[in-house]
$ cat query36.cif   # mmCIF, C-alpha atoms
data_input
loop_
_atom_site.group_PDB
_atom_site.id
_atom_site.type_symbol
_atom_site.label_atom_id
_atom_site.label_comp_id
_atom_site.auth_asym_id
_atom_site.auth_seq_id
_atom_site.Cartn_x
_atom_site.Cartn_y
_atom_site.Cartn_z
ATOM 1 C CA MET M 100 67.172 -87.454 28.334
ATOM 2 C CA ILE M 101 69.388 -90.477 28.771
ATOM 3 C CA ASP M 102 68.442 -90.793 32.442
ATOM 4 C CA LYS M 103 64.737 -90.746 31.579
ATOM 5 C CA THR M 104 65.271 -93.432 28.916
ATOM 6 C CA ILE M 105 67.103 -95.663 31.385
ATOM 7 C CA ASP M 106 64.415 -95.172 34.041
ATOM 8 C CA PHE M 107 61.664 -95.981 31.548
ATOM 9 C CA SER M 108 63.493 -99.128 30.426
ATOM 10 C CA LEU M 109 63.943 -100.343 34.004
ATOM 11 C CA LYS M 110 60.321 -99.710 34.942
ATOM 12 C CA HIS M 111 58.963 -101.347 31.733
ATOM 13 C CA ARG M 112 61.332 -104.250 31.242
ATOM 14 C CA LEU M 113 58.939 -106.445 29.286
ATOM 15 C CA LEU M 114 57.947 -103.656 26.912
ATOM 16 C CA THR M 115 61.597 -102.751 26.333
ATOM 17 C CA ILE M 116 62.517 -106.347 25.471
ATOM 18 C CA LEU M 117 59.549 -106.578 23.105
ATOM 19 C CA LEU M 118 60.564 -103.369 21.297
ATOM 20 C CA VAL M 119 64.162 -104.610 20.923
ATOM 21 C CA VAL M 120 62.939 -107.928 19.456
ATOM 22 C CA LEU M 121 60.607 -106.147 17.000
ATOM 23 C CA VAL M 122 63.353 -103.785 15.842
ATOM 24 C CA SER M 123 65.745 -106.714 15.397
ATOM 25 C CA ILE M 124 63.224 -108.653 13.321
ATOM 26 C CA TRP M 125 62.532 -105.582 11.182
ATOM 27 C CA GLY M 126 66.278 -105.124 10.623
ATOM 28 C CA VAL M 127 66.710 -108.739 9.501
ATOM 29 C CA ILE M 128 63.786 -108.453 7.060
ATOM 30 C CA ALA M 129 65.128 -105.171 5.662
ATOM 31 C CA TYR M 130 68.590 -106.693 5.176
ATOM 32 C CA THR M 131 67.326 -109.776 3.342
ATOM 33 C CA SER M 132 65.122 -107.710 1.001
ATOM 34 C CA MET M 133 67.817 -105.118 0.290
ATOM 35 C CA PRO M 134 69.059 -105.253 -3.367
ATOM 36 C CA LYS M 135 72.708 -106.259 -3.672
ATOM 37 C CA ASP M 136 75.144 -105.892 -6.554
ATOM 38 C CA ILE M 137 78.511 -107.593 -6.777
ATOM 39 C CA TYR M 138 79.792 -104.722 -8.926
ATOM 40 C CA PRO M 139 78.028 -101.568 -7.652
ATOM 41 C CA ASP M 140 78.017 -98.591 -9.978
ATOM 42 C CA LEU M 141 80.475 -96.096 -8.492
ATOM 43 C CA ASN M 142 80.728 -93.819 -11.508
ATOM 44 C CA ALA M 143 78.765 -90.893 -12.799
ATOM 45 C CA PRO M 144 76.397 -91.578 -15.739
ATOM 46 C CA LEU M 145 78.177 -91.671 -19.073
ATOM 47 C CA VAL M 146 77.260 -92.001 -22.746
ATOM 48 C CA LYS M 147 79.616 -93.337 -25.428
ATOM 49 C CA ILE M 148 79.545 -92.175 -29.047
ATOM 50 C CA ILE M 149 81.042 -94.566 -31.611
ATOM 51 C CA THR M 150 81.997 -93.306 -35.071
ATOM 52 C CA GLU M 151 83.850 -95.246 -37.774
ATOM 53 C CA ASN M 152 85.541 -94.317 -41.026
ATOM 54 C CA PRO M 153 87.383 -97.403 -42.329
ATOM 55 C CA GLY M 154 90.932 -96.715 -43.486
ATOM 56 C CA MET M 155 91.187 -93.163 -42.086
ATOM 57 C CA ALA M 156 94.420 -92.415 -40.211
ATOM 58 C CA ALA M 157 94.249 -91.876 -36.445
ATOM 59 C CA GLU M 158 95.369 -88.238 -36.790
ATOM 60 C CA ASP M 159 92.584 -87.471 -39.236
ATOM 61 C CA VAL M 160 90.033 -89.275 -37.064
ATOM 62 C CA GLU M 161 91.068 -87.107 -34.114
ATOM 63 C CA ARG M 162 91.010 -83.850 -36.111
ATOM 64 C CA LEU M 163 87.914 -84.374 -38.273
ATOM 65 C CA ILE M 164 85.668 -86.535 -36.056
ATOM 66 C CA SER M 165 86.656 -86.675 -32.375
ATOM 67 C CA PHE M 166 87.550 -82.996 -31.915
ATOM 68 C CA PRO M 167 84.299 -81.608 -33.450
ATOM 69 C CA LEU M 168 82.271 -83.967 -31.270
ATOM 70 C CA GLU M 169 84.141 -82.928 -28.132
ATOM 71 C CA CYS M 170 83.648 -79.219 -28.859
ATOM 72 C CA LEU M 171 79.950 -79.728 -29.528
ATOM 73 C CA LEU M 172 79.228 -81.767 -26.404
ATOM 74 C CA ASN M 173 81.264 -79.729 -23.913
ATOM 75 C CA GLY M 174 78.469 -77.170 -23.732
ATOM 76 C CA ALA M 175 75.612 -79.657 -23.328
ATOM 77 C CA PRO M 176 73.486 -79.458 -20.139
ATOM 78 C CA HIS M 177 74.677 -81.454 -17.092
ATOM 79 C CA VAL M 178 77.918 -82.483 -18.862
ATOM 80 C CA THR M 179 80.961 -82.496 -16.560
ATOM 81 C CA ARG M 180 83.652 -83.995 -18.802
ATOM 82 C CA VAL M 181 84.185 -85.142 -22.387
ATOM 83 C CA ARG M 182 87.072 -87.362 -23.478
ATOM 84 C CA SER M 183 87.854 -89.324 -26.626
ATOM 85 C CA GLU M 184 89.941 -92.186 -27.989
ATOM 86 C CA SER M 185 90.943 -92.080 -31.652
ATOM 87 C CA THR M 186 92.466 -95.010 -33.522
ATOM 88 C CA THR M 187 92.790 -95.969 -37.158
ATOM 89 C CA GLY M 188 89.280 -95.798 -38.598
ATOM 90 C CA SER M 189 87.495 -95.509 -35.256
ATOM 91 C CA SER M 190 86.527 -92.812 -32.747
ATOM 92 C CA VAL M 191 85.021 -93.333 -29.288
ATOM 93 C CA VAL M 192 83.877 -90.208 -27.420
ATOM 94 C CA THR M 193 82.807 -90.581 -23.773
ATOM 95 C CA VAL M 194 80.497 -87.968 -22.250
ATOM 96 C CA GLU M 195 80.181 -87.869 -18.445
ATOM 97 C CA PHE M 196 77.210 -86.260 -16.681
ATOM 98 C CA ASP M 197 76.518 -84.956 -13.176
ATOM 99 C CA TRP M 198 75.840 -87.420 -10.385
ATOM 100 C CA GLY M 199 72.186 -88.311 -10.214
ATOM 101 C CA THR M 200 71.442 -87.496 -13.863
ATOM 102 C CA ASN M 201 69.017 -90.009 -15.316
ATOM 103 C CA ILE M 202 70.774 -92.000 -18.036
ATOM 104 C CA TYR M 203 67.601 -91.889 -20.142
ATOM 105 C CA LEU M 204 67.724 -88.090 -19.973
ATOM 106 C CA ALA M 205 71.440 -87.967 -20.800
ATOM 107 C CA ARG M 206 71.108 -90.005 -23.988
ATOM 108 C CA PRO M 207 68.495 -87.721 -25.640
ATOM 109 C CA ILE M 208 70.691 -84.724 -24.782
ATOM 110 C CA VAL M 209 73.596 -86.310 -26.655
ATOM 111 C CA SER M 210 71.378 -87.426 -29.555
ATOM 112 C CA SER M 211 70.038 -83.908 -30.070
ATOM 113 C CA LYS M 212 73.589 -82.577 -30.296
ATOM 114 C CA LEU M 213 74.689 -85.242 -32.773
ATOM 115 C CA GLU M 214 72.025 -84.161 -35.239
ATOM 116 C CA LEU M 215 73.821 -80.822 -35.574
ATOM 117 C CA VAL M 216 77.152 -82.300 -36.653
ATOM 118 C CA ALA M 217 76.319 -85.636 -38.303
ATOM 119 C CA GLY M 218 76.338 -84.173 -41.840
ATOM 120 C CA ARG M 219 79.750 -82.509 -41.471
ATOM 121 C CA PHE M 220 81.865 -85.648 -41.182
ATOM 122 C CA PRO M 221 84.177 -86.830 -44.000
ATOM 123 C CA LEU M 222 82.831 -89.011 -46.792
ATOM 124 C CA GLY M 223 82.586 -92.675 -45.811
ATOM 125 C CA THR M 224 81.940 -92.028 -42.119
ATOM 126 C CA VAL M 225 79.611 -94.530 -40.444
ATOM 127 C CA GLY M 226 77.670 -93.146 -37.500
ATOM 128 C CA PRO M 227 77.865 -91.567 -35.045
ATOM 129 C CA ILE M 228 75.872 -94.005 -32.924
ATOM 130 C CA LEU M 229 75.339 -94.215 -29.171
ATOM 131 C CA GLY M 230 76.881 -97.078 -27.258
ATOM 132 C CA PRO M 231 74.831 -99.478 -25.120
ATOM 133 C CA VAL M 232 73.240 -98.386 -21.850
ATOM 134 C CA SER M 233 75.956 -99.759 -19.577
ATOM 135 C CA SER M 234 78.253 -98.299 -16.947
ATOM 136 C CA ARG M 235 82.027 -98.023 -17.094
ATOM 137 C CA ILE M 236 82.434 -101.141 -14.982
ATOM 138 C CA GLY M 237 79.527 -102.923 -16.642
ATOM 139 C CA GLU M 238 81.573 -105.774 -18.127
ATOM 140 C CA ILE M 239 80.511 -109.020 -16.507
ATOM 141 C CA PHE M 240 82.813 -111.644 -17.983
ATOM 142 C CA GLU M 241 84.676 -112.819 -21.049
ATOM 143 C CA PHE M 242 84.892 -116.282 -22.533
ATOM 144 C CA ALA M 243 86.463 -117.871 -25.599
ATOM 145 C CA VAL M 244 84.843 -120.023 -28.278
ATOM 146 C CA VAL M 245 87.402 -122.623 -29.357
ATOM 147 C CA GLY M 246 87.532 -125.825 -31.340
ATOM 148 C CA GLU M 247 90.260 -128.051 -32.716
ATOM 149 C CA ASN M 248 90.595 -128.322 -36.494
ATOM 150 C CA ILE M 249 87.745 -125.832 -36.983
ATOM 151 C CA ASN M 250 88.037 -122.917 -39.377
ATOM 152 C CA PRO M 251 88.203 -119.541 -37.538
ATOM 153 C CA ILE M 252 85.485 -118.313 -39.910
ATOM 154 C CA GLU M 253 83.101 -120.977 -38.614
ATOM 155 C CA LEU M 254 83.960 -120.149 -34.997
ATOM 156 C CA ARG M 255 83.174 -116.479 -35.565
ATOM 157 C CA SER M 256 79.931 -117.339 -37.366
ATOM 158 C CA VAL M 257 78.776 -119.413 -34.383
ATOM 159 C CA ALA M 258 79.653 -116.567 -32.017
ATOM 160 C CA ASP M 259 77.920 -113.937 -34.198
ATOM 161 C CA TRP M 260 74.728 -115.770 -35.156
ATOM 162 C CA THR M 261 74.084 -118.181 -32.290
ATOM 163 C CA ILE M 262 75.851 -117.271 -29.047
ATOM 164 C CA ARG M 263 75.419 -113.495 -29.315
ATOM 165 C CA TYR M 264 71.645 -113.599 -29.805
ATOM 166 C CA ARG M 265 71.133 -116.081 -26.977
ATOM 167 C CA MET M 266 73.270 -114.004 -24.602
ATOM 168 C CA GLN M 267 71.446 -110.800 -25.497
ATOM 169 C CA GLY M 268 68.179 -112.471 -24.557
ATOM 170 C CA ALA M 269 69.398 -113.094 -20.983
ATOM 171 C CA HIS M 270 68.088 -110.811 -18.235
ATOM 172 C CA GLY M 271 70.426 -107.955 -17.337
ATOM 173 C CA VAL M 272 72.606 -108.185 -20.466
ATOM 174 C CA SER M 273 73.069 -104.869 -22.268
ATOM 175 C CA PHE M 274 75.583 -105.649 -24.991
ATOM 176 C CA VAL M 275 77.705 -108.499 -26.337
ATOM 177 C CA ILE M 276 80.969 -107.816 -28.185
ATOM 178 C CA ASN M 277 82.680 -110.455 -30.326
ATOM 179 C CA LEU M 278 86.410 -110.222 -31.040
ATOM 180 C CA GLY M 279 88.787 -112.453 -32.955
ATOM 181 C CA GLY M 280 88.226 -115.049 -35.625
ATOM 182 C CA PHE M 281 87.228 -113.958 -39.133
ATOM 183 C CA VAL M 282 83.899 -112.481 -40.171
ATOM 184 C CA LYS M 283 82.618 -114.629 -43.040
ATOM 185 C CA GLN M 284 82.555 -112.903 -46.427
ATOM 186 C CA PHE M 285 82.217 -113.836 -50.095
ATOM 187 C CA HIS M 286 85.262 -112.509 -51.937
ATOM 188 C CA VAL M 287 85.171 -111.754 -55.655
ATOM 189 C CA TYR M 288 88.652 -111.768 -57.223
ATOM 190 C CA LEU M 289 88.487 -110.069 -60.610
ATOM 191 C CA LYS M 290 90.501 -111.097 -63.673
ATOM 192 C CA PRO M 291 91.758 -107.910 -65.406
ATOM 193 C CA GLU M 292 92.267 -109.616 -68.756
ATOM 194 C CA MET M 293 88.663 -110.859 -68.792
ATOM 195 C CA LEU M 294 87.326 -107.431 -67.824
ATOM 196 C CA LYS M 295 89.173 -105.972 -70.786
ATOM 197 C CA ASN M 296 87.983 -108.754 -73.068
ATOM 198 C CA TYR M 297 84.310 -108.161 -72.238
ATOM 199 C CA ASN M 298 84.759 -104.391 -71.785
ATOM 200 C CA ILE M 299 83.206 -104.478 -68.303
ATOM 201 C CA THR M 300 83.906 -101.979 -65.508
ATOM 202 C CA LEU M 301 84.143 -102.552 -61.763
ATOM 203 C CA ASN M 302 80.995 -100.522 -61.146
ATOM 204 C CA GLU M 303 78.994 -102.781 -63.440
ATOM 205 C CA ILE M 304 80.054 -105.879 -61.493
ATOM 206 C CA LYS M 305 79.386 -104.209 -58.137
ATOM 207 C CA GLU M 306 75.962 -103.002 -59.242
ATOM 208 C CA ALA M 307 75.003 -106.406 -60.644
ATOM 209 C CA ILE M 308 75.900 -108.231 -57.423
ATOM 210 C CA GLU M 309 74.159 -105.659 -55.217
ATOM 211 C CA LYS M 310 70.939 -105.757 -57.240
ATOM 212 C CA SER M 311 70.867 -109.558 -57.287
ATOM 213 C CA ASN M 312 71.222 -109.770 -53.501
ATOM 214 C CA ARG M 313 67.653 -108.927 -52.484
ATOM 215 C CA ASN M 314 64.204 -110.403 -52.118
ATOM 216 C CA PHE M 315 61.194 -108.618 -53.572
ATOM 217 C CA SER M 316 57.425 -108.792 -53.545
ATOM 218 C CA GLY M 317 55.505 -109.632 -56.707
ATOM 219 C CA GLY M 318 52.050 -108.801 -55.422
ATOM 220 C CA ILE M 319 49.257 -111.344 -55.060
ATOM 221 C CA ILE M 320 47.248 -113.765 -57.220
ATOM 222 C CA LYS M 321 43.554 -114.116 -56.483
ATOM 223 C CA LYS M 322 42.040 -117.584 -56.731
ATOM 224 C CA GLY M 323 38.393 -117.223 -55.851
ATOM 225 C CA THR M 324 38.248 -116.362 -52.172
ATOM 226 C CA GLN M 325 41.936 -117.138 -51.698
ATOM 227 C CA GLU M 326 44.949 -114.894 -52.273
ATOM 228 C CA ASP M 327 48.455 -116.244 -52.925
ATOM 229 C CA LEU M 328 51.418 -114.029 -52.102
ATOM 230 C CA ILE M 329 54.181 -113.878 -54.714
ATOM 231 C CA LYS M 330 57.697 -113.455 -53.371
ATOM 232 C CA GLY M 331 60.908 -113.330 -55.333
ATOM 233 C CA LEU M 332 63.879 -114.979 -53.617
ATOM 234 C CA GLY M 333 67.165 -113.415 -54.640
ATOM 235 C CA ARG M 334 69.278 -113.320 -51.504
ATOM 236 C CA ILE M 335 72.802 -114.626 -52.031
ATOM 237 C CA GLU M 336 73.413 -117.719 -49.897
ATOM 238 C CA THR M 337 76.082 -119.722 -51.725
ATOM 239 C CA LEU M 338 79.068 -119.120 -53.964
ATOM 240 C CA GLU M 339 77.125 -120.469 -56.937
ATOM 241 C CA HIS M 340 74.572 -117.684 -56.562
ATOM 242 C CA ILE M 341 77.326 -115.106 -57.054
ATOM 243 C CA ARG M 342 79.038 -117.024 -59.859
ATOM 244 C CA ASN M 343 75.778 -117.267 -61.818
ATOM 245 C CA THR M 344 74.904 -113.589 -61.442
ATOM 246 C CA VAL M 345 74.439 -111.948 -64.852
ATOM 247 C CA ILE M 346 76.453 -108.754 -65.311
ATOM 248 C CA THR M 347 75.501 -107.808 -68.858
ATOM 249 C CA SER M 348 75.269 -109.369 -72.300
ATOM 250 C CA ARG M 349 77.537 -109.339 -75.351
ATOM 251 C CA ASN M 350 76.073 -110.310 -78.740
ATOM 252 C CA ASN M 351 72.943 -111.557 -76.952
ATOM 253 C CA VAL M 352 75.080 -113.863 -74.797
ATOM 254 C CA PRO M 353 74.933 -113.270 -71.013
ATOM 255 C CA VAL M 354 78.168 -112.555 -69.190
ATOM 256 C CA TYR M 355 78.282 -114.090 -65.709
ATOM 257 C CA VAL M 356 80.428 -113.156 -62.727
ATOM 258 C CA LYS M 357 82.211 -116.507 -63.036
ATOM 259 C CA ASP M 358 83.358 -115.475 -66.526
ATOM 260 C CA VAL M 359 85.342 -112.492 -65.253
ATOM 261 C CA ALA M 360 86.157 -113.346 -61.625
ATOM 262 C CA GLU M 361 86.895 -116.083 -59.135
ATOM 263 C CA VAL M 362 84.599 -116.297 -56.101
ATOM 264 C CA ARG M 363 85.782 -117.734 -52.786
ATOM 265 C CA VAL M 364 84.808 -117.691 -49.103
ATOM 266 C CA GLY M 365 87.134 -115.547 -47.019
ATOM 267 C CA GLY M 366 87.422 -113.576 -43.807
ATOM 268 C CA LYS M 367 87.046 -109.868 -43.243
ATOM 269 C CA PHE M 368 90.309 -107.958 -42.951
ATOM 270 C CA ARG M 369 91.502 -107.514 -39.379
ATOM 271 C CA ARG M 370 94.528 -106.006 -37.664
ATOM 272 C CA ASP M 371 95.228 -108.732 -35.101
ATOM 273 C CA ALA M 372 94.288 -112.272 -34.156
ATOM 274 C CA ALA M 373 93.223 -113.589 -30.748
ATOM 275 C CA SER M 374 94.676 -116.902 -29.629
ATOM 276 C CA TYR M 375 93.720 -119.277 -26.841
ATOM 277 C CA ASN M 376 95.870 -122.253 -25.818
ATOM 278 C CA GLY M 377 97.549 -122.200 -29.201
ATOM 279 C CA HIS M 378 94.258 -122.391 -31.121
ATOM 280 C CA GLU M 379 92.337 -119.721 -32.948
ATOM 281 C CA ALA M 380 89.638 -118.320 -30.646
ATOM 282 C CA VAL M 381 86.753 -115.887 -30.612
ATOM 283 C CA ASN M 382 86.523 -113.791 -27.438
ATOM 284 C CA VAL M 383 83.065 -112.749 -26.253
ATOM 285 C CA SER M 384 82.638 -109.863 -23.802
ATOM 286 C CA VAL M 385 79.305 -109.411 -21.998
ATOM 287 C CA GLU M 386 78.140 -106.148 -20.424
ATOM 288 C CA LYS M 387 75.252 -105.539 -18.033
ATOM 289 C CA TYR M 388 72.597 -102.842 -18.096
ATOM 290 C CA TYR M 389 73.349 -99.447 -16.541
ATOM 291 C CA GLY M 390 72.215 -99.797 -12.936
ATOM 292 C CA GLY M 391 70.814 -103.270 -13.689
ATOM 293 C CA ASP M 392 71.234 -106.648 -12.081
ATOM 294 C CA THR M 393 74.525 -108.475 -12.421
ATOM 295 C CA LEU M 394 74.618 -111.612 -14.535
ATOM 296 C CA THR M 395 76.845 -114.288 -13.059
ATOM 297 C CA ALA M 396 78.385 -117.244 -14.794
#
$ encode --input "query36.cif" --output "structure tokens"
Amino acid sequence: MIDKTIDFSLKHRLLTILLVVLVSIWGVIAYTSMPKDIYPDLNAPLVKIITENPGMAAEDVERLISFPLECLLNGAPHVTRVRSESTTGSSVVTVEFDWGTNIYLARPIVSSKLELVAGRFPLGTVGPILGPVSSRIGEIFEFAVVGENINPIELRSVADWTIRYRMQGAHGVSFVINLGGFVKQFHVYLKPEMLKNYNITLNEIKEAIEKSNRNFSGGIIKKGTQEDLIKGLGRIETLEHIRNTVITSRNNVPVYVKDVAEVRVGGKFRRDAASYNGHEAVNVSVEKYYGGDTLTA
């Protein structure tokens, strides 16, 4: 066979050169059009399940949340391994599937199993929810939001409400995680002596604030051929809105939140603080889609 190929090439030199040139051109075109990924996905498809129960000890999270989820998912179709990480108030269960399993098939399999156990978790459990569609090595980059003489609450607010939404709108981005800083909150510090004086309970204050923090529809008003929409604006936006919330009345005199409590802006409780060059910082981690294009910075 080799001898015949050599003889044919020698007898048809021009045709042989032409075939070699055509194959070379085809190879160059195929190489330039071939998709490339700086971080190729070398892992089997996986799905993460995130469950939270604020304040619960790590041992209880492992025994009451992580372990039941592991037992339930071990028998799911195409599942090869299930592992979990349990910390104080948080559980992350990772389910790995066979090579070649479509990630959009794996997620419904996990979701159908979660429906069987979701109602058995301890009181106060949030979730379980599925993590973003990203691979194990899907993290693209991290960066820090810093500023001198700027409150860490403001830094976190910028990262949560401006940077995160713009990053999530970029092509190939699956998920954006913000860490550090302080999540902005309105804190209500109650005065026990005033609660006793007005005979008001904690539940009454909580219920009053929750009910005042909402917008509502009041229907429409017809004016000839025109209709005007009525909308009640009640969302809390400033400290004064909380201070002037009516809790109840005593002797036909309204009792406001400011009469029984002090209202201040504060940060959500956290276990640690991130620092960058000696200044308070907010770290932002960006992940790409599972099997998607890589976003570069």
$ atom_distance --input "query36.cif" --atom1 "atom CA of Ser189 of chain M" --atom2 "atom CA of Arg255 of chain M"
21.4 Å
$ residues_around --input "query36.cif" --residues "segment 167-180 of chain M" --least-positions-apart "5" --cutoff "9 Å" --atoms "only C-alpha atoms" --output "PyMOL selection string"
chain M and resi 148+161-162+192-197+200+205+208-209+212-213+215-216
$ write_last_selection --input "query36.cif" --atoms "C-alpha atoms" --output "PDB file, in the frame of the given file"
ATOM      1  CA  ILE M 148      79.545 -92.175 -29.047  1.00  0.00           C
ATOM      2  CA  GLU M 161      91.068 -87.107 -34.114  1.00  0.00           C
ATOM      3  CA  ARG M 162      91.010 -83.850 -36.111  1.00  0.00           C
ATOM      4  CA  VAL M 192      83.877 -90.208 -27.420  1.00  0.00           C
ATOM      5  CA  THR M 193      82.807 -90.581 -23.773  1.00  0.00           C
ATOM      6  CA  VAL M 194      80.497 -87.968 -22.250  1.00  0.00           C
ATOM      7  CA  GLU M 195      80.181 -87.869 -18.445  1.00  0.00           C
ATOM      8  CA  PHE M 196      77.210 -86.260 -16.681  1.00  0.00           C
ATOM      9  CA  ASP M 197      76.518 -84.956 -13.176  1.00  0.00           C
ATOM     10  CA  THR M 200      71.442 -87.496 -13.863  1.00  0.00           C
ATOM     11  CA  ALA M 205      71.440 -87.967 -20.800  1.00  0.00           C
ATOM     12  CA  ILE M 208      70.691 -84.724 -24.782  1.00  0.00           C
ATOM     13  CA  VAL M 209      73.596 -86.310 -26.655  1.00  0.00           C
ATOM     14  CA  LYS M 212      73.589 -82.577 -30.296  1.00  0.00           C
ATOM     15  CA  LEU M 213      74.689 -85.242 -32.773  1.00  0.00           C
ATOM     16  CA  LEU M 215      73.821 -80.822 -35.574  1.00  0.00           C
ATOM     17  CA  VAL M 216      77.152 -82.300 -36.653  1.00  0.00           C
TER      18      VAL M 216
END
$ atom_distance --input "query36.cif" --atom1 "atom CA of Phe285 of chain M" --atom2 "atom CA of Glu306 of chain M"
15.5 Å
$ resolve_selection --input "query36.cif" --expression "the PyMOL selection byres ((chain M and resi 354-369) around 8)" --output "MDAnalysis selection string"
chainID M and resid 252 281:291 293:294 304 338 341:349 352:353 370:372
$ write_last_selection --input "query36.cif" --atoms "C-alpha atoms" --output "PDB file, in the frame of the given file"
ATOM      1  CA  ILE M 252      85.485-118.313 -39.910  1.00  0.00           C
ATOM      2  CA  PHE M 281      87.228-113.958 -39.133  1.00  0.00           C
ATOM      3  CA  VAL M 282      83.899-112.481 -40.171  1.00  0.00           C
ATOM      4  CA  LYS M 283      82.618-114.629 -43.040  1.00  0.00           C
ATOM      5  CA  GLN M 284      82.555-112.903 -46.427  1.00  0.00           C
ATOM      6  CA  PHE M 285      82.217-113.836 -50.095  1.00  0.00           C
ATOM      7  CA  HIS M 286      85.262-112.509 -51.937  1.00  0.00           C
ATOM      8  CA  VAL M 287      85.171-111.754 -55.655  1.00  0.00           C
ATOM      9  CA  TYR M 288      88.652-111.768 -57.223  1.00  0.00           C
ATOM     10  CA  LEU M 289      88.487-110.069 -60.610  1.00  0.00           C
ATOM     11  CA  LYS M 290      90.501-111.097 -63.673  1.00  0.00           C
ATOM     12  CA  PRO M 291      91.758-107.910 -65.406  1.00  0.00           C
ATOM     13  CA  MET M 293      88.663-110.859 -68.792  1.00  0.00           C
ATOM     14  CA  LEU M 294      87.326-107.431 -67.824  1.00  0.00           C
ATOM     15  CA  ILE M 304      80.054-105.879 -61.493  1.00  0.00           C
ATOM     16  CA  LEU M 338      79.068-119.120 -53.964  1.00  0.00           C
ATOM     17  CA  ILE M 341      77.326-115.106 -57.054  1.00  0.00           C
ATOM     18  CA  ARG M 342      79.038-117.024 -59.859  1.00  0.00           C
ATOM     19  CA  ASN M 343      75.778-117.267 -61.818  1.00  0.00           C
ATOM     20  CA  THR M 344      74.904-113.589 -61.442  1.00  0.00           C
ATOM     21  CA  VAL M 345      74.439-111.948 -64.852  1.00  0.00           C
ATOM     22  CA  ILE M 346      76.453-108.754 -65.311  1.00  0.00           C
ATOM     23  CA  THR M 347      75.501-107.808 -68.858  1.00  0.00           C
ATOM     24  CA  SER M 348      75.269-109.369 -72.300  1.00  0.00           C
ATOM     25  CA  ARG M 349      77.537-109.339 -75.351  1.00  0.00           C
ATOM     26  CA  VAL M 352      75.080-113.863 -74.797  1.00  0.00           C
ATOM     27  CA  PRO M 353      74.933-113.270 -71.013  1.00  0.00           C
ATOM     28  CA  ARG M 370      94.528-106.006 -37.664  1.00  0.00           C
ATOM     29  CA  ASP M 371      95.228-108.732 -35.101  1.00  0.00           C
ATOM     30  CA  ALA M 372      94.288-112.272 -34.156  1.00  0.00           C
TER      31      ALA M 372
END
$ atom_distance --input "query36.cif" --atom1 "atom CA of Phe240 of chain M" --atom2 "atom CA of Thr261 of chain M"
18.0 Å
